[in-house]
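Undergrad: Let me begin by handing over the structure; questions about it come next.
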Number of protein chains: 2
Amino acid sequence: MFDLLLKNVRREDGVLQEVAIQDGRFVAIAPKVEGEARETFDGQGMTLMPPFYNGHSHAAMVLLRGYADDLPLFPWLQEHIWPVEARMTPQDVAAGVRLAILEMIKSGTVYFNDSYFFLPETIQAVEELGVRATIGLFYLDLGNAPARERLHRQNQKVLQEWRRGHSSRVTLALDPHSIYTVPESVLRETGAQGQAEGLPIHMHLAETEKEFQDCQREHGGMTPFQYADACGLLTEHSYLAHCVWMTEEDRRLAAERGCVLVANTTSNLKLCSGIFDFPAAEQAGCRIALGTDGCASNNAHSMFSEMKCAALAGKCRTLDPTACPAEKVFSWATSSGRYFVEDAGEIAPGKVADAMLLNLDQPYLVGDYHLRSNLVYAGESSCVDSLLCDGKFIMRHRQVPGEEEILAEARRVCDKFRKR
Amino acid sequence: MFDLLLKNVRREDGVLQEVAIQDGRFVAIAPKVEGEARETFDGQGMTLMPPFYNGHSHAAMVLLRGYADDLPLFPWLQEHIWPVEARMTPQDVAAGVRLAILEMIKSGTVYFNDSYFFLPETIQAVEELGVRATIGLFYLDLGNAPARERLHRQNQKVLQEWRRGHSSRVTLALDPHSIYTVPESVLRETGAQGQAEGLPIHMHLAETEKEFQDCQREHGGMTPFQYADACGLLTEHSYLAHCVWMTEEDRRLAAERGCVLVANTTSNLKLCSGIFDFPAAEQAGCRIALGTDGCASNNAHSMFSEMKCAALAGKCRTLDPTACPAEKVFSWATSSGRYFVEDAGEIAPGKVADAMLLNLDQPYLVGDYHLRSNLVYAGESSCVDSLLCDGKFIMRHRQVPGEEEILAEARRVCDKFRKR
């Protein structure tokens, strides 16, 4: 007995098929699947595609969308973002994460790799809304020993509770913010802990020219990648956000270690950090994923928008119109799921049952010669009709349970922030 | 008696208002408008904003969306685009223009400034679907005298018919393709004809570095702008597409002449032509508008996507995160309407009654501190609930009359092109 049987859905090439799902995995895909199912879904007119995996986010920062834009990095942080972040409560973050997840679901994203405060509330929102996430045990040197100690204790508590039991959709990662906000001793401990406990590592790396230059000056000429490697932070379970400032040698190192480079092109353009060199990373054999970053520096969670930005900026950086072809960009946003979730990123028997069901009857998807190109260059959230995560529908026909309450609650928090 | 009365619509600041429309113009905007109306529209929950004006397009090229991507300019043109364009019939172009207009309406655009073949079919589609357009009397030197003569006669016929009678929504422009595809004698005639007959001029100018260098070499060191000016092509009714390769002196010249510089940022990135220098053009006092260009090099008609691209690439070009602030970018996409249509681009009594009615209950529009920033950085077509052009609804609650037939007809044409 299957859990779910999708009928009348189209493959990317337009051929009709049936898709059976059991225990959160695709178990049979064929023109006609034999067997009974607890639930049957008529996918008439819909096309099944792998969904998006968002490689780097600060979900709750959706509460600061449009709060302060078009400013240089430091005034933006010091005068706008940090003061309001200092006032955020766990309840605020809960409301923000739920809004971010709603936005992601509506734009075809089933997973995000998150770095922020107030982890129990974040984990609860992920569990309830049915998506997947890697939640970072965020660490940043707050300058004084008691604050450091408190953050460390909080993280330990989250880790212990998670070990006691959690949904298969939630993973934790060690999450030292960056090489310039975390002392070397902690970076080295993090590297060792990651190895010892089998936890992934999520951090910002090589985002700005300043970080690159400061690192070389302070660490005997080492680049951020070389320094991170010396601290044991580069493994095949390392998710490195930004990676704009890399040398050829850094790329070879990253490829050898197997770490995942998460490009956040929109954010890097908005804050003028630079452009990730996609062709060079590809050529070096690096694993590449895409991320939206937080909504204060993007300002959206749409992977459609992120794909288009990556394709365009990637060409522009190298002045090569053949760079970042649509097919590649689409795979960085979807197949890259396998770097974050075992057996994800592909619609095939045995793989985890994550999928978008697309309604291609959109003016923006005709001419219809090349679906992946259309999704990269012209796609919008509205073509995602339904979304499957872990074998369950988390959106049906554009409806997500509870969305009105999520919007209302997020607006209440924004009202509070507005009244400074 | 008003033609139309909008009730319960919100201004951008959230205040409720009523809006009366007569003879295609806003005539009264107030908390309570006195008077009867032929039709009343309940705008409950909607926010009224100026709509988008698309400053440069090749509408029918929507039929080639995704047909060939990620290629260098010349193989792309010679091996893919030109061969299929050579097979396009007037009926194909009619189907393409209708699809393009549908896509534009659905994303909040009421006007496009078009350059392509088969003008009668294009004009008819504009008339029927209720939008506005400037249709270019496209001219390109086809290399032999009979072909030149035929194109010239066709254009003369379109101009004569238009002079005999046309909707106020359709304007014609002289449309010499570029300085490198039209001989100097014709460019000079075009400049003189524009002045004599009061017709706007629409052309590509200073798009690529090659054009810039060739022009300097062939025309005694003159830049494309200087050469175009020498031909009498720079007036306050000149719409110049691309303008990527300009000197400071060119910008002063463009500002002095009052011509409209139409940035096509997405297309320029995709084809690696460069990035329009928004801050420099602003500072020189130039008039700026945004365009999507054709769908073969974008590949969308969404001005939301174009605004985000302009904001991001504009910052990146100058490495200044304060460049291209959202407020400015939004005005280049909306208020710029006044450059193309008299009294357009503003919601105020006496102005032409063009407007978007937005439904802001979208996850991607919360946090909700700054509506214009959200529309620029996170907006999608789906927030445009209804669209007014010339005082009439051309979309109501996301429905456009005839859209299924438009999609079906466009797909039939694409099928034909696919079977090469």
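All residue names refer to the structure tokens as shown: chains lettered A, B, ... in order, residues numbered from 1 in each chain, ligands numbered from 1 in order.
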Give me, as an MDAnalysis selection string, all polymer residues having an atom no more than 7 Å from A:Pro200, counting only C-alpha atoms and skipping those fewer than 3 positions away in the same chain.

TA: chainID A and resid 173:174 194 237:238

Undergrad: Excluding B:Phe52 and its own-chain neighbours fewer than 6 positions away, which residues fall within 10 Å of it when counting only C-alpha atoms? Please give them as a compact mmCIF listing (two decimals) with C-alpha atoms, in the first residue's frame.

TA:
```
# COMPACT_ATOMS: atom_id res chain seq x y z
CA MET B 104 2.97 42.53 -19.75
CA ILE B 105 -0.59 43.09 -18.53
CA SER B 107 2.91 41.94 -14.64
CA GLY B 108 1.49 45.48 -14.42
CA THR B 109 2.75 47.02 -17.66
CA VAL B 110 0.38 49.26 -19.66
CA TYR B 111 2.80 50.52 -22.32
CA PHE B 112 5.63 49.30 -24.49
CA LEU B 290 13.79 50.98 -18.11
CA GLY B 291 13.09 48.41 -20.80
CA SER B 302 8.34 41.50 -16.17
CA MET B 303 9.30 45.00 -15.09
CA PHE B 304 9.54 43.67 -11.51
CA PHE B 330 10.66 52.45 -9.17
CA SER B 331 10.30 55.91 -10.68
CA TRP B 332 12.40 54.91 -13.75
CA ALA B 333 9.91 52.09 -14.34
CA THR B 334 6.72 54.07 -13.67
CA SER B 335 7.01 57.89 -13.63
CA SER B 336 9.08 57.59 -16.81
CA GLY B 337 5.71 56.97 -18.47
CA GLY B 345 3.17 58.10 -14.88
CA ASP B 354 -3.34 54.25 -15.92
CA ALA B 355 -2.87 52.33 -12.64
CA MET B 356 -2.05 49.01 -10.99
```

Undergrad: Counting only C-alpha atoms, which of A:Glu256, A:Glu327, A:Leu205, A:Glu211 gets nearest to A:Cys243?

TA: A:Leu205

Undergrad: May I ask which of the residues B:His397, B:Arg257, B:Lys315, B:Lys416 is the closest one to chain A, counting only C-alpha atoms?

TA: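 For chain A, the nearest of the given residues is B:Lys315.
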
Undergrad: Where does DSSP see strand (DSSP E or B) in stretch 178-320 of chain A, if you list the residues as a PyMOL selection string?

TA: chain A and resi 201-205+238-242+260-263+287-290

Undergrad: Smallest atom-to-atom distance to B:Asp92: which of B:Asp114, B:Glu121, B:Asp368, B:Asp3, using only C-alpha atoms?

TA: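 Between B:Asp114, B:Glu121, B:Asp368, B:Asp3, the residue approaching B:Asp92 most closely is B:Glu121.
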
Undergrad: Please, what distance in Å, to one decimal, runs between atom CA of A:Val33 and atom CA of A:Val9?

TA: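 Separation of atom CA of A:Val33 and atom CA of A:Val9: 12.4 Å.
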
Undergrad: List as a PyMOL selection string the protein and nucleic acid residues near B:Leu77, meaning an atom at most 12 Å away when only C-alpha atoms are counted, but skip any in the same chain fewer than 4 places from it.

TA: chain B and resi 64+67-73+81-86+271+296-297

Undergrad: For chain B, which of A:Leu312, A:Leu199, A:Val186, A:Leu388 is the closest residue, counting only C-alpha atoms?

TA: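 That would be A:Leu312, the residue with the smallest distance to chain B.
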
Undergrad: Could you write out, as number ranges by chain, all the residues of stretch 22-86 of chain A that DSSP marks as helix (DSSP H, G or I)?

TA: A: 59-64, 73-85

Undergrad: What separation in Å, quoted to one decimal, exists between atom CA of A:Val97 and atom CA of A:Gln78?

TA: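 Here the two named atoms are 22.9 Å from each other.
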
Undergrad: For A:Asn113, please output as a list in words all residues within 7 Å (counting only C-alpha atoms; exclusion window: fewer than 2 positions along the same chain).

TA: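 Near A:Asn113, the qualifying residues are Asn54, Gly55, His56, Ser57, Tyr111, Ala133, Thr134 and Ile135 of chain A.
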
Undergrad: Pull N, CA, C and O atoms from the residues just selected and write them as an mmCIF file, in the first residue's frame.

TA:
```
data_model
loop_
_atom_site.group_PDB
_atom_site.id
_atom_site.type_symbol
_atom_site.label_atom_id
_atom_site.label_comp_id
_atom_site.auth_asym_id
_atom_site.auth_seq_id
_atom_site.Cartn_x
_atom_site.Cartn_y
_atom_site.Cartn_z
ATOM 1 N N ASN A 54 17.599 25.885 -0.575
ATOM 2 C CA ASN A 54 18.191 27.206 -0.327
ATOM 3 C C ASN A 54 19.419 27.044 0.571
ATOM 4 O O ASN A 54 19.294 26.755 1.757
ATOM 5 N N GLY A 55 20.601 27.228 0.001
ATOM 6 C CA GLY A 55 21.843 26.871 0.665
ATOM 7 C C GLY A 55 22.334 27.802 1.761
ATOM 8 O O GLY A 55 23.275 27.456 2.487
ATOM 9 N N HIS A 56 21.722 28.981 1.899
ATOM 10 C CA HIS A 56 22.176 29.900 2.953
ATOM 11 C C HIS A 56 21.105 30.947 3.223
ATOM 12 O O HIS A 56 20.724 31.695 2.320
ATOM 13 N N SER A 57 20.645 30.978 4.467
ATOM 14 C CA SER A 57 19.590 31.941 4.811
ATOM 15 C C SER A 57 19.713 32.382 6.263
ATOM 16 O O SER A 57 20.433 31.771 7.061
ATOM 17 N N TYR A 111 13.716 23.348 1.438
ATOM 18 C CA TYR A 111 14.826 23.232 2.405
ATOM 19 C C TYR A 111 15.548 24.551 2.529
ATOM 20 O O TYR A 111 15.711 25.267 1.532
ATOM 21 N N ALA A 133 15.230 21.603 7.074
ATOM 22 C CA ALA A 133 16.217 22.650 7.319
ATOM 23 C C ALA A 133 17.428 22.093 8.030
ATOM 24 O O ALA A 133 17.337 21.093 8.733
ATOM 25 N N THR A 134 18.550 22.745 7.796
ATOM 26 C CA THR A 134 19.705 22.576 8.665
ATOM 27 C C THR A 134 19.767 23.846 9.501
ATOM 28 O O THR A 134 19.805 24.953 8.952
ATOM 29 N N ILE A 135 19.715 23.670 10.813
ATOM 30 C CA ILE A 135 19.675 24.823 11.707
ATOM 31 C C ILE A 135 21.058 24.983 12.336
ATOM 32 O O ILE A 135 21.578 24.051 12.953
#
```

Undergrad: Which residues are near B:Asn264? Cut-off 12 Å, only C-alpha atoms, ignore same chain within fewer than 6 positions. Put them as a VMD selection string.

TA: chain B and resid 54 to 57 204 to 207 240 to 244 270 to 278 288 to 295 297 to 301 303 305 to 311 313 to 314 332 to 333

Undergrad: Report, in Å with one decimal, the straight-line distance from atom CA of A:Asp320 to atom CA of B:Ser178.

TA: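 These atoms are spaced 23.6 Å apart.
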
Undergrad: Compile the contact shell of A:Ala326 as a compact mmCIF listing (two decimals) with all heavy atoms, in the first residue's frame: residues with an atom at most 7 Å away, counting only C-alpha atoms, same-chain residues fewer than 2 positions apart removed.

TA:
```txt
# COMPACT_ATOMS: atom_id res chain seq x y z
N ALA A 311 22.64 33.56 -13.05
CA ALA A 311 22.93 33.36 -14.48
C ALA A 311 23.45 34.64 -15.11
O ALA A 311 24.39 34.62 -15.90
CB ALA A 311 21.68 32.87 -15.20
N CYS A 324 27.50 30.12 -17.02
CA CYS A 324 26.26 29.93 -16.25
C CYS A 324 25.05 29.63 -17.13
O CYS A 324 24.03 30.33 -17.05
CB CYS A 324 25.97 31.15 -15.38
SG CYS A 324 27.19 31.44 -14.12
N LYS A 328 22.82 24.43 -15.96
CA LYS A 328 23.71 24.39 -14.80
C LYS A 328 23.09 25.13 -13.62
O LYS A 328 23.09 24.64 -12.50
CB LYS A 328 25.03 25.11 -15.14
CG LYS A 328 26.02 24.32 -15.89
CD LYS A 328 27.05 23.72 -14.95
CE LYS A 328 28.00 22.84 -15.74
NZ LYS A 328 27.90 21.43 -15.39
N VAL A 329 22.59 26.33 -13.89
CA VAL A 329 22.05 27.16 -12.81
C VAL A 329 20.88 26.44 -12.14
O VAL A 329 20.78 26.42 -10.91
CB VAL A 329 21.60 28.53 -13.36
CG1 VAL A 329 20.91 29.34 -12.28
CG2 VAL A 329 22.82 29.30 -13.89
N PHE A 330 20.04 25.82 -12.97
CA PHE A 330 18.91 25.10 -12.39
C PHE A 330 19.40 23.96 -11.50
O PHE A 330 18.85 23.72 -10.42
CB PHE A 330 18.00 24.56 -13.51
CG PHE A 330 16.70 24.02 -13.00
CD1 PHE A 330 15.66 24.87 -12.66
CD2 PHE A 330 16.51 22.65 -12.83
CE1 PHE A 330 14.45 24.38 -12.18
CE2 PHE A 330 15.31 22.15 -12.35
CZ PHE A 330 14.29 23.01 -12.02
N ARG A 372 13.73 24.35 -18.48
CA ARG A 372 14.67 24.80 -17.43
C ARG A 372 15.16 26.23 -17.71
O ARG A 372 15.33 27.01 -16.78
CB ARG A 372 15.84 23.82 -17.30
CG ARG A 372 15.37 22.49 -16.73
CD ARG A 372 16.50 21.53 -16.40
NE ARG A 372 15.92 20.37 -15.72
CZ ARG A 372 16.58 19.64 -14.82
NH1 ARG A 372 17.82 19.91 -14.52
NH2 ARG A 372 15.99 18.62 -14.23
N SER A 373 15.37 26.55 -18.97
CA SER A 373 15.75 27.92 -19.31
C SER A 373 14.63 28.89 -18.93
O SER A 373 14.88 29.95 -18.35
CB SER A 373 16.05 28.03 -20.80
OG SER A 373 16.10 29.38 -21.20
N VAL A 376 14.62 29.42 -15.17
CA VAL A 376 15.74 30.24 -14.71
C VAL A 376 15.55 31.70 -15.09
O VAL A 376 15.69 32.60 -14.26
CB VAL A 376 17.08 29.71 -15.29
CG1 VAL A 376 18.21 30.72 -15.08
CG2 VAL A 376 17.44 28.38 -14.64
```
